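Next up, upload01.csv (CSV, C-alpha atoms):
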chain,number,residue,atom,x,y,z
A,134,MET,CA,0.0,0.0,0.0
A,135,SER,CA,1.4,3.4,-1.0
A,136,LEU,CA,2.0,6.3,1.4
A,137,ALA,CA,-0.9,8.2,0.0
A,138,SER,CA,-3.2,5.2,0.5
A,139,ARG,CA,-2.1,4.7,4.1
A,140,THR,CA,-2.5,8.4,4.8
A,141,GLY,CA,-5.9,8.4,3.4
A,142,ALA,CA,-6.9,5.3,5.5
A,143,VAL,CA,-5.9,7.2,8.6
A,144,TRP,CA,-7.8,10.3,7.5
A,145,ARG,CA,-11.0,8.2,6.9
A,146,ARG,CA,-10.7,6.9,10.5
A,147,ARG,CA,-10.3,10.4,12.0
A,148,GLU,CA,-13.4,10.0,14.2
A,149,VAL,CA,-11.8,7.0,15.7
A,150,VAL,CA,-8.6,8.9,16.2
A,151,ARG,CA,-10.5,11.7,17.9
A,152,THR,CA,-12.2,9.2,20.3
A,153,LEU,CA,-8.8,7.7,21.2
A,154,VAL,CA,-7.3,11.1,21.8
A,155,VAL,CA,-10.3,12.1,24.1
A,156,ARG,CA,-9.9,8.8,26.0
A,157,ASP,CA,-6.2,9.4,26.5
A,158,LEU,CA,-6.7,12.9,27.9
A,159,GLN,CA,-9.6,11.8,30.2
A,160,VAL,CA,-7.5,8.9,31.6
A,161,ARG,CA,-4.5,11.1,32.1
A,162,TYR,CA,-6.4,13.7,34.2
A,163,GLN,CA,-9.4,11.9,35.7
A,164,ARG,CA,-7.6,11.3,39.0
A,165,SER,CA,-5.5,14.4,39.1
A,166,TRP,CA,-6.5,17.3,41.3
A,167,LEU,CA,-4.6,19.9,39.3
A,168,GLY,CA,-5.3,18.3,35.9
A,169,TYR,CA,-4.4,20.7,33.1
A,170,VAL,CA,-2.2,22.8,35.4
A,171,TRP,CA,0.4,20.1,35.3
A,172,THR,CA,0.8,20.8,31.5
A,173,VAL,CA,2.3,24.2,32.3
A,174,LEU,CA,3.6,23.7,35.8
A,175,ASP,CA,6.7,21.7,34.8
A,176,PRO,CA,7.9,24.0,32.0
A,177,LEU,CA,7.2,27.1,34.1
A,178,ALA,CA,9.2,25.6,37.0
A,179,MET,CA,12.1,24.7,34.7
A,180,SER,CA,12.0,28.2,33.1
A,181,ALA,CA,12.2,29.7,36.6
A,182,ILE,CA,15.2,27.5,37.4
A,183,TYR,CA,17.1,28.3,34.2
A,184,PHE,CA,16.3,32.0,34.6
A,185,LEU,CA,17.7,31.9,38.1
A,186,VAL,CA,20.9,30.1,37.0
A,187,PHE,CA,21.7,32.1,33.9
A,188,VAL,CA,20.4,35.5,34.9
A,189,GLY,CA,20.4,35.5,38.7
A,190,ILE,CA,23.7,33.6,39.4
A,191,PHE,CA,25.8,33.8,36.2
A,192,LYS,CA,24.4,37.1,34.9
A,193,ARG,CA,24.2,35.6,31.4
A,194,GLY,CA,20.7,36.5,30.2
A,195,ASP,CA,22.3,37.2,26.8
A,196,VAL,CA,22.4,33.5,25.9
A,197,GLY,CA,18.9,33.9,24.6
A,198,HIS,CA,16.6,36.7,23.3
A,199,LYS,CA,15.2,39.2,25.7
A,200,PRO,CA,13.0,39.0,27.7
A,201,TYR,CA,14.8,35.8,28.5
A,202,PHE,CA,12.1,34.3,30.7
A,203,LEU,CA,9.6,34.5,27.8
A,204,PHE,CA,12.2,33.0,25.5
A,205,LEU,CA,12.6,30.0,28.0
A,206,VAL,CA,8.8,29.5,28.3
A,207,ILE,CA,8.3,29.2,24.5
A,208,GLY,CA,11.2,26.8,24.2
A,209,LEU,CA,10.4,24.6,27.2
A,210,LEU,CA,6.7,24.3,26.3
A,211,SER,CA,7.6,23.1,22.8
A,212,TRP,CA,10.3,20.8,24.2
A,213,GLN,CA,7.8,19.2,26.6
A,214,TRP,CA,5.5,18.3,23.6
A,215,PHE,CA,8.5,17.0,21.7
A,216,SER,CA,10.0,14.8,24.5
A,217,GLY,CA,6.7,13.6,25.9
A,218,THR,CA,5.6,12.5,22.4
A,219,LEU,CA,8.8,10.7,21.6
A,220,THR,CA,8.6,8.8,24.9
A,221,ASP,CA,4.9,7.8,24.4
A,222,THR,CA,5.0,7.1,20.7
A,223,ALA,CA,7.9,4.7,21.2
A,224,ARG,CA,5.7,2.4,23.3
A,225,SER,CA,2.4,3.2,21.6
A,226,LEU,CA,2.2,-0.2,19.8
A,227,LEU,CA,3.2,-2.1,22.9
A,228,GLN,CA,0.9,-0.2,25.3
A,229,ASP,CA,-2.2,-1.1,23.3
A,230,ALA,CA,-1.0,-4.4,21.9
A,231,LYS,CA,-4.3,-6.2,22.1
A,232,LEU,CA,-6.2,-3.5,20.2
A,233,VAL,CA,-3.4,-3.2,17.7
A,234,ARG,CA,-3.7,-6.9,16.9
A,235,SER,CA,-7.4,-7.3,17.0
A,236,THR,CA,-8.7,-4.2,15.2
A,237,ASN,CA,-8.6,-3.5,11.5
A,238,LEU,CA,-7.5,0.1,12.1
A,239,PRO,CA,-4.5,1.4,10.2
A,240,ARG,CA,-1.7,0.9,12.8
A,241,GLU,CA,-0.4,4.4,12.2
A,242,VAL,CA,-3.5,5.6,14.1
A,243,TRP,CA,-1.8,4.5,17.4
A,244,VAL,CA,1.1,6.9,16.7
A,245,VAL,CA,-1.0,9.8,15.4
A,246,ARG,CA,-3.3,9.8,18.4
A,247,VAL,CA,-0.3,10.2,20.8
A,248,VAL,CA,1.1,13.1,18.8
A,249,LEU,CA,-2.4,14.7,18.7
A,250,ALA,CA,-3.0,14.2,22.5
A,251,LYS,CA,0.3,15.7,23.4
A,252,GLY,CA,-0.3,18.5,20.8
A,253,ILE,CA,-3.6,19.4,22.4
A,254,GLU,CA,-1.9,19.7,25.8
A,255,TYR,CA,0.6,22.0,24.1
A,256,VAL,CA,-2.2,24.1,22.6
A,257,TYR,CA,-3.9,24.3,26.1
A,258,SER,CA,-0.6,25.8,27.4
A,259,LEU,CA,-0.6,28.6,24.9
A,260,PRO,CA,-2.9,30.9,26.9
A,261,VAL,CA,-0.3,30.9,29.7
A,262,LEU,CA,2.3,31.9,27.1
A,263,ALA,CA,0.0,34.6,25.9
A,264,LEU,CA,-0.4,36.0,29.4
A,265,PHE,CA,3.4,36.3,29.8
A,266,ALA,CA,3.8,37.8,26.4
A,267,ILE,CA,1.1,40.4,27.1
A,268,ALA,CA,2.6,41.2,30.5
A,269,TYR,CA,6.0,41.8,28.9
A,270,GLY,CA,4.4,43.7,26.1
A,271,LEU,CA,2.7,46.1,28.5
A,272,ARG,CA,6.1,46.8,30.0
A,273,GLY,CA,7.6,47.5,26.5
A,274,ASP,CA,9.9,44.5,26.6
A,275,VAL,CA,8.2,42.6,23.8
A,276,HIS,CA,7.7,44.0,20.3
A,277,PHE,CA,5.1,42.0,18.6
A,278,SER,CA,5.4,41.7,14.8
A,279,TRP,CA,3.6,40.2,11.8
A,280,ARG,CA,5.8,37.2,12.3
A,281,LEU,CA,3.4,36.0,15.0
A,282,VAL,CA,1.5,34.3,12.1
A,283,LEU,CA,4.5,31.9,11.9
A,284,LEU,CA,3.7,30.4,15.3
A,285,PRO,CA,0.9,28.2,13.9
A,286,LEU,CA,3.3,27.1,11.1
A,287,GLY,CA,5.9,26.2,13.7
A,288,VAL,CA,3.3,24.1,15.5
A,289,ALA,CA,2.2,22.4,12.3
A,290,LEU,CA,5.8,21.7,11.4
A,291,GLN,CA,6.5,20.2,14.8
A,292,PHE,CA,3.4,18.0,14.5
A,293,PHE,CA,4.6,16.7,11.1
A,294,LEU,CA,8.1,16.1,12.4
A,295,LEU,CA,6.8,14.2,15.5
A,296,VAL,CA,4.5,11.9,13.4
A,297,GLY,CA,7.5,11.0,11.3
A,298,ILE,CA,9.8,10.3,14.3
A,299,GLY,CA,6.9,8.4,16.0
A,300,LEU,CA,6.4,6.2,12.9
A,301,LEU,CA,10.1,5.4,13.0
A,302,LEU,CA,10.4,4.7,16.7
A,303,ALA,CA,7.1,2.8,17.4
A,304,PRO,CA,7.9,-0.4,15.4
A,305,VAL,CA,11.6,-0.4,16.3
A,306,THR,CA,10.8,-0.2,20.0
A,307,ALA,CA,8.2,-3.0,19.7
A,308,LEU,CA,10.9,-5.2,18.3
A,309,VAL,CA,13.8,-4.0,20.5
A,310,THR,CA,12.4,-3.0,23.9
A,311,ASP,CA,15.8,-1.6,25.0
A,312,MET,CA,15.1,1.3,22.7
A,313,GLN,CA,13.0,2.9,25.4
A,314,ARG,CA,16.1,3.3,27.6
A,315,VAL,CA,18.1,4.5,24.6
A,316,ILE,CA,15.4,7.1,23.8
A,317,ARG,CA,15.6,8.5,27.3
A,318,ILE,CA,19.3,8.9,27.0
A,319,LEU,CA,19.1,10.5,23.6
A,320,LEU,CA,16.5,12.9,24.7
A,321,ARG,CA,18.7,14.2,27.5
A,322,MET,CA,21.5,14.7,25.0
A,323,ALA,CA,19.1,16.2,22.4
A,324,PHE,CA,17.9,18.8,24.9
A,325,TYR,CA,21.3,20.5,25.0
A,326,ALA,CA,21.7,20.1,21.2
A,327,THR,CA,18.5,22.0,20.7
A,328,PRO,CA,18.2,25.8,21.2
A,329,VAL,CA,15.7,25.6,24.0
A,330,ILE,CA,17.6,27.5,26.7
A,331,TYR,CA,19.9,29.4,24.3
A,332,ALA,CA,19.4,31.0,20.9
A,333,GLN,CA,21.0,29.5,17.8
A,334,LEU,CA,22.0,33.1,16.8
A,335,LYS,CA,24.2,33.2,19.9
A,336,VAL,CA,26.1,30.0,19.1
A,337,PRO,CA,29.6,30.6,17.6
A,338,HIS,CA,30.7,29.3,14.2
A,339,PRO,CA,30.9,26.5,13.2
A,340,TRP,CA,28.6,25.1,15.9
A,341,ASN,CA,25.7,27.2,14.8
A,342,ARG,CA,25.8,25.6,11.4
A,343,ILE,CA,25.8,22.1,12.9
A,344,LEU,CA,22.9,23.2,15.1
A,345,GLU,CA,20.9,24.0,12.0
A,346,LEU,CA,20.8,20.3,11.1
A,347,ASN,CA,18.6,19.8,14.1
A,348,PRO,CA,15.0,20.0,12.8
A,349,MET,CA,13.8,21.4,16.1
A,350,THR,CA,16.0,24.5,15.5
A,351,GLY,CA,13.8,25.8,12.7
A,352,VAL,CA,10.6,24.8,14.5
A,353,LEU,CA,11.6,27.0,17.5
A,354,GLU,CA,12.7,29.8,15.2
A,355,LEU,CA,9.1,29.9,13.8
A,356,GLN,CA,7.5,29.7,17.2
A,357,ARG,CA,9.6,32.5,18.6
A,358,ALA,CA,9.8,34.8,15.6
A,359,GLY,CA,6.9,37.1,16.4
A,360,PHE,CA,8.0,37.9,20.0
A,361,PHE,CA,11.6,39.1,19.6
A,362,ARG,CA,13.4,41.7,17.5
A,363,GLU,CA,16.1,39.3,16.3
A,364,GLY,CA,15.7,38.2,12.7
A,365,LEU,CA,14.4,34.9,11.6
A,366,GLN,CA,17.0,32.3,10.8
A,367,VAL,CA,15.6,31.4,7.4
A,368,ARG,CA,18.2,28.8,6.6
A,369,ALA,CA,17.4,26.9,9.8
A,370,VAL,CA,13.7,26.9,9.0
A,371,LEU,CA,14.3,25.6,5.4
A,372,VAL,CA,16.6,22.8,6.8
A,373,SER,CA,13.9,21.9,9.3
A,374,VAL,CA,11.2,21.7,6.6
A,375,VAL,CA,13.4,19.4,4.4
A,376,ALA,CA,14.5,17.3,7.4
A,377,SER,CA,10.9,16.9,8.6
A,378,VAL,CA,9.8,15.7,5.2
A,379,LEU,CA,12.7,13.2,4.9
A,380,ILE,CA,12.1,11.9,8.5
A,381,PHE,CA,8.4,11.5,7.7
A,382,LEU,CA,9.2,9.5,4.6
A,383,LEU,CA,11.7,7.4,6.4
A,384,GLY,CA,9.3,6.8,9.3
A,385,SER,CA,6.5,5.8,7.0
A,386,TRP,CA,8.7,3.4,5.0
A,387,THR,CA,10.1,1.9,8.2
A,388,PHE,CA,6.6,1.5,9.7
A,389,THR,CA,5.3,-0.3,6.6
A,390,ARG,CA,8.3,-2.6,6.3
A,391,LEU,CA,8.3,-3.7,10.0
A,392,GLU,CA,4.5,-3.8,10.5
A,393,ARG,CA,4.1,-7.6,10.0
A,394,SER,CA,7.1,-8.3,12.2
A,395,VAL,CA,5.7,-6.2,14.9
A,396,LEU,CA,2.3,-7.9,14.8
A,397,LYS,CA,4.0,-11.3,15.2
A,398,GLU,CA,6.1,-10.0,18.1
A,399,ILE,CA,3.3,-8.4,20.1
Rewrite the structure of this file - the entire thing - as structure tokens.
Amino acid sequence: MSLASRTGAVWRRREVVRTLVVRDLQVRYQRSWLGYVWTVLDPLAMSAIYFLVFVGIFKRGDVGHKPYFLFLVIGLLSWQWFSGTLTDTARSLLQDAKLVRSTNLPREVWVVRVVLAKGIEYVYSLPVLALFAIAYGLRGDVHFSWRLVLLPLGVALQFFLLVGIGLLLAPVTALVTDMQRVIRILLRMAFYATPVIYAQLKVPHPWNRILELNPMTGVLELQRAGFFREGLQVRAVLVSVVASVLIFLLGSWTFTRLERSVLKEI
């Protein structure tokens, strides 16, 4: 079955995907007192810690754009979506193994619903981001520009990238369960290789060029572009678009090739 056919099959089952996403969100928060608050509490706490370390202790708020706290919030909210999705998509086929085997749904559905559920959590966190942006804007620290329209494009690009990585990781992890530990280690390394707590513009040559190869660099450029005066790193965005397409194609091909082996294994 071609990529277009498999994509169409997932689209035709979009109501099922929606039901699975709603179920995931309900299960996640039904016994939680704070519920949605946890979505923003962790990135806000980490933003406060990094702000204290870099600005309060080392006096190095220049590692990112100003206001640095807003810079951190945007990056850490996006990273939470990224890291949480990779962790959950890797085990998505194993977690619902009985349903994966017994239903005639396209197996890609189990990856897409994770990306969507985590993406909805990210969208729910945007009002908090907006409050900080407005507060800084009233103080004159943020200069909003037309580039705010790039934020939804950055979100869409990240979604596309995460689906591709998820399609790659899910079948491999189902066959090699040690991959879950490998992913946790790689995510810790990737955090510092991604301009979450620093700006790619501040990285010296040639490391800034190497950093452009990280597809999340361009994603964060798009998501931050409308809040800061610094110019958009267009080359990083273009590299991110190309890399995301290639990763999606590789993930789709890998998922298709390993699907039968996965069904036998689980």
Please, which residues in segment 277-318 of chain A fall within 9 Å of segment 242-255 of chain A when counting only C-alpha atoms, and what is the closest atom pair and distance in Å to one decimal for each, ordered by chain then residue number, as JSON lines?
{"residue": "A:Val288", "atom": "CA", "partner": "A:Gly252", "partner_atom": "CA", "distance": 8.5}
{"residue": "A:Phe292", "atom": "CA", "partner": "A:Val248", "partner_atom": "CA", "distance": 6.9}
{"residue": "A:Leu295", "atom": "CA", "partner": "A:Val248", "partner_atom": "CA", "distance": 6.7}
{"residue": "A:Val296", "atom": "CA", "partner": "A:Val245", "partner_atom": "CA", "distance": 6.2}
{"residue": "A:Gly299", "atom": "CA", "partner": "A:Val244", "partner_atom": "CA", "distance": 6.0}
{"residue": "A:Leu300", "atom": "CA", "partner": "A:Val244", "partner_atom": "CA", "distance": 6.6}
{"residue": "A:Ala303", "atom": "CA", "partner": "A:Val244", "partner_atom": "CA", "distance": 7.3}
So which residues touch segment 372-377 of chain A within 7 Å, counting all atoms listed in the file, skipping near sequence neighbours fewer than 6 positions away, as a ChimeraX atom specification?
/A:293-294,345-346,348-349,351-352
Tell me which protein, DNA and RNA residues are within 8 Å of Glu354 of chain A, counting only C-alpha atoms, leaving out same-chain ones fewer than 3 positions away, and put them as a ChimeraX atom specification.
/A:287,350-351,357-358,365-366,369-370
Interatomic distance between atom CA of Gly384 of chain A and atom CA of Pro304 of chain A?
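One can read the atom CA of Gly384 of chain A to atom CA of Pro304 of chain A distance as 9.5 Å.
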Of the candidates A:Arg280, A:Arg146, A:His198, A:Arg317, which one gets nearest to Ala223 of chain A if we count only C-alpha atoms?
A:Arg317
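Between Leu210 of chain A and the residues A:Ser258, A:Lys192, A:Tyr169, A:Glu148, the shortest atom-to-atom distance, using only C-alpha atoms, involves A:Ser258.
The two atoms in question, atom CA of Ala332 of chain A and atom CA of Val196 of chain A, are spaced 6.3 Å apart.
Proximity of A:Ala268, A:Leu383, A:Val150, A:Leu205 to Ala181 of chain A, computed with only C-alpha atoms, is greatest for A:Leu205.
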Find the residues near Leu320 of chain A: any atom within 10 Å, counting only C-alpha atoms, skip ones fewer than 4 places away on the same chain, and give them as a ChimeraX atom specification.
/A:215-217,219-220,315-316,324-326
One-decimal distance in Å that lies between atom CA of Phe361 of chain A and atom CA of His276 of chain A:
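Value for the atom CA of His276 of chain A-atom CA of Phe361 of chain A distance: 6.3 Å.
Across A:Ser135, A:Trp214, A:Leu353, A:Lys335, the tightest approach to Asp195 of chain A is made by A:Lys335 when counting all atoms listed in the file.
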Restricting to only C-alpha atoms, whichever of A:Arg368, A:Arg362, A:Arg139, A:Arg234 is closest to Ser394 of chain A is A:Arg234
With distances taken over all atoms listed in the file, which of A:Val160, A:Ala142, A:Ile298, A:Leu185 is nearest to Thr218 of chain A?
A:Ile298
Can I get segment 210-237 of chain A with N, CA and C atoms filled in, as a CSV table (one decimal), keeping the file's coordinate frame?
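Generated file (result.csv):
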chain,number,residue,atom,x,y,z
A,210,LEU,N,8.0,24.8,26.6
A,210,LEU,CA,6.7,24.3,26.3
A,210,LEU,C,6.7,23.4,25.0
A,211,SER,N,7.5,23.9,24.0
A,211,SER,CA,7.6,23.1,22.8
A,211,SER,C,8.4,21.8,23.0
A,212,TRP,N,9.5,21.9,23.9
A,212,TRP,CA,10.3,20.8,24.2
A,212,TRP,C,9.5,19.7,24.9
A,213,GLN,N,8.6,20.2,25.8
A,213,GLN,CA,7.8,19.2,26.6
A,213,GLN,C,6.9,18.4,25.6
A,214,TRP,N,6.3,19.1,24.6
A,214,TRP,CA,5.5,18.3,23.6
A,214,TRP,C,6.4,17.4,22.9
A,215,PHE,N,7.6,17.8,22.5
A,215,PHE,CA,8.5,17.0,21.7
A,215,PHE,C,9.0,15.7,22.5
A,216,SER,N,9.5,15.9,23.7
A,216,SER,CA,10.0,14.8,24.5
A,216,SER,C,8.9,13.9,25.0
A,217,GLY,N,7.8,14.4,25.4
A,217,GLY,CA,6.7,13.6,25.9
A,217,GLY,C,6.2,12.7,24.7
A,218,THR,N,6.1,13.3,23.5
A,218,THR,CA,5.6,12.5,22.4
A,218,THR,C,6.5,11.4,22.0
A,219,LEU,N,7.8,11.7,22.0
A,219,LEU,CA,8.8,10.7,21.6
A,219,LEU,C,8.7,9.5,22.6
A,220,THR,N,8.6,9.8,23.9
A,220,THR,CA,8.6,8.8,24.9
A,220,THR,C,7.3,7.9,24.7
A,221,ASP,N,6.2,8.5,24.5
A,221,ASP,CA,4.9,7.8,24.4
A,221,ASP,C,4.7,7.1,23.1
A,222,THR,N,5.1,7.7,22.0
A,222,THR,CA,5.0,7.1,20.7
A,222,THR,C,5.9,5.8,20.6
A,223,ALA,N,7.0,5.9,21.2
A,223,ALA,CA,7.9,4.7,21.2
A,223,ALA,C,7.3,3.5,21.7
A,224,ARG,N,6.4,3.6,22.7
A,224,ARG,CA,5.7,2.4,23.3
A,224,ARG,C,4.3,2.3,22.9
A,225,SER,N,3.8,3.1,21.9
A,225,SER,CA,2.4,3.2,21.6
A,225,SER,C,1.9,1.8,21.1
A,226,LEU,N,2.6,1.1,20.3
A,226,LEU,CA,2.2,-0.2,19.8
A,226,LEU,C,2.2,-1.3,20.9
A,227,LEU,N,3.1,-1.2,21.8
A,227,LEU,CA,3.2,-2.1,22.9
A,227,LEU,C,2.1,-1.9,24.0
A,228,GLN,N,1.8,-0.6,24.2
A,228,GLN,CA,0.9,-0.2,25.3
A,228,GLN,C,-0.5,-0.7,25.0
A,229,ASP,N,-0.9,-0.7,23.7
A,229,ASP,CA,-2.2,-1.1,23.3
A,229,ASP,C,-2.1,-2.3,22.3
A,230,ALA,N,-1.3,-3.3,22.7
A,230,ALA,CA,-1.0,-4.4,21.9
A,230,ALA,C,-2.2,-5.2,21.5
A,231,LYS,N,-3.1,-5.4,22.4
A,231,LYS,CA,-4.3,-6.2,22.1
A,231,LYS,C,-5.2,-5.5,21.1
A,232,LEU,N,-5.4,-4.2,21.2
A,232,LEU,CA,-6.2,-3.5,20.2
A,232,LEU,C,-5.4,-3.4,18.9
A,233,VAL,N,-4.1,-3.3,18.9
A,233,VAL,CA,-3.4,-3.2,17.7
A,233,VAL,C,-3.5,-4.5,16.9
A,234,ARG,N,-3.5,-5.6,17.6
A,234,ARG,CA,-3.7,-6.9,16.9
A,234,ARG,C,-5.1,-7.2,16.4
A,235,SER,N,-6.1,-6.8,17.3
A,235,SER,CA,-7.4,-7.3,17.0
A,235,SER,C,-8.3,-6.4,16.2
A,236,THR,N,-7.9,-5.1,16.0
A,236,THR,CA,-8.7,-4.2,15.2
A,236,THR,C,-8.2,-4.1,13.8
A,237,ASN,N,-9.0,-3.6,12.9
A,237,ASN,CA,-8.6,-3.5,11.5
A,237,ASN,C,-8.2,-2.0,11.2
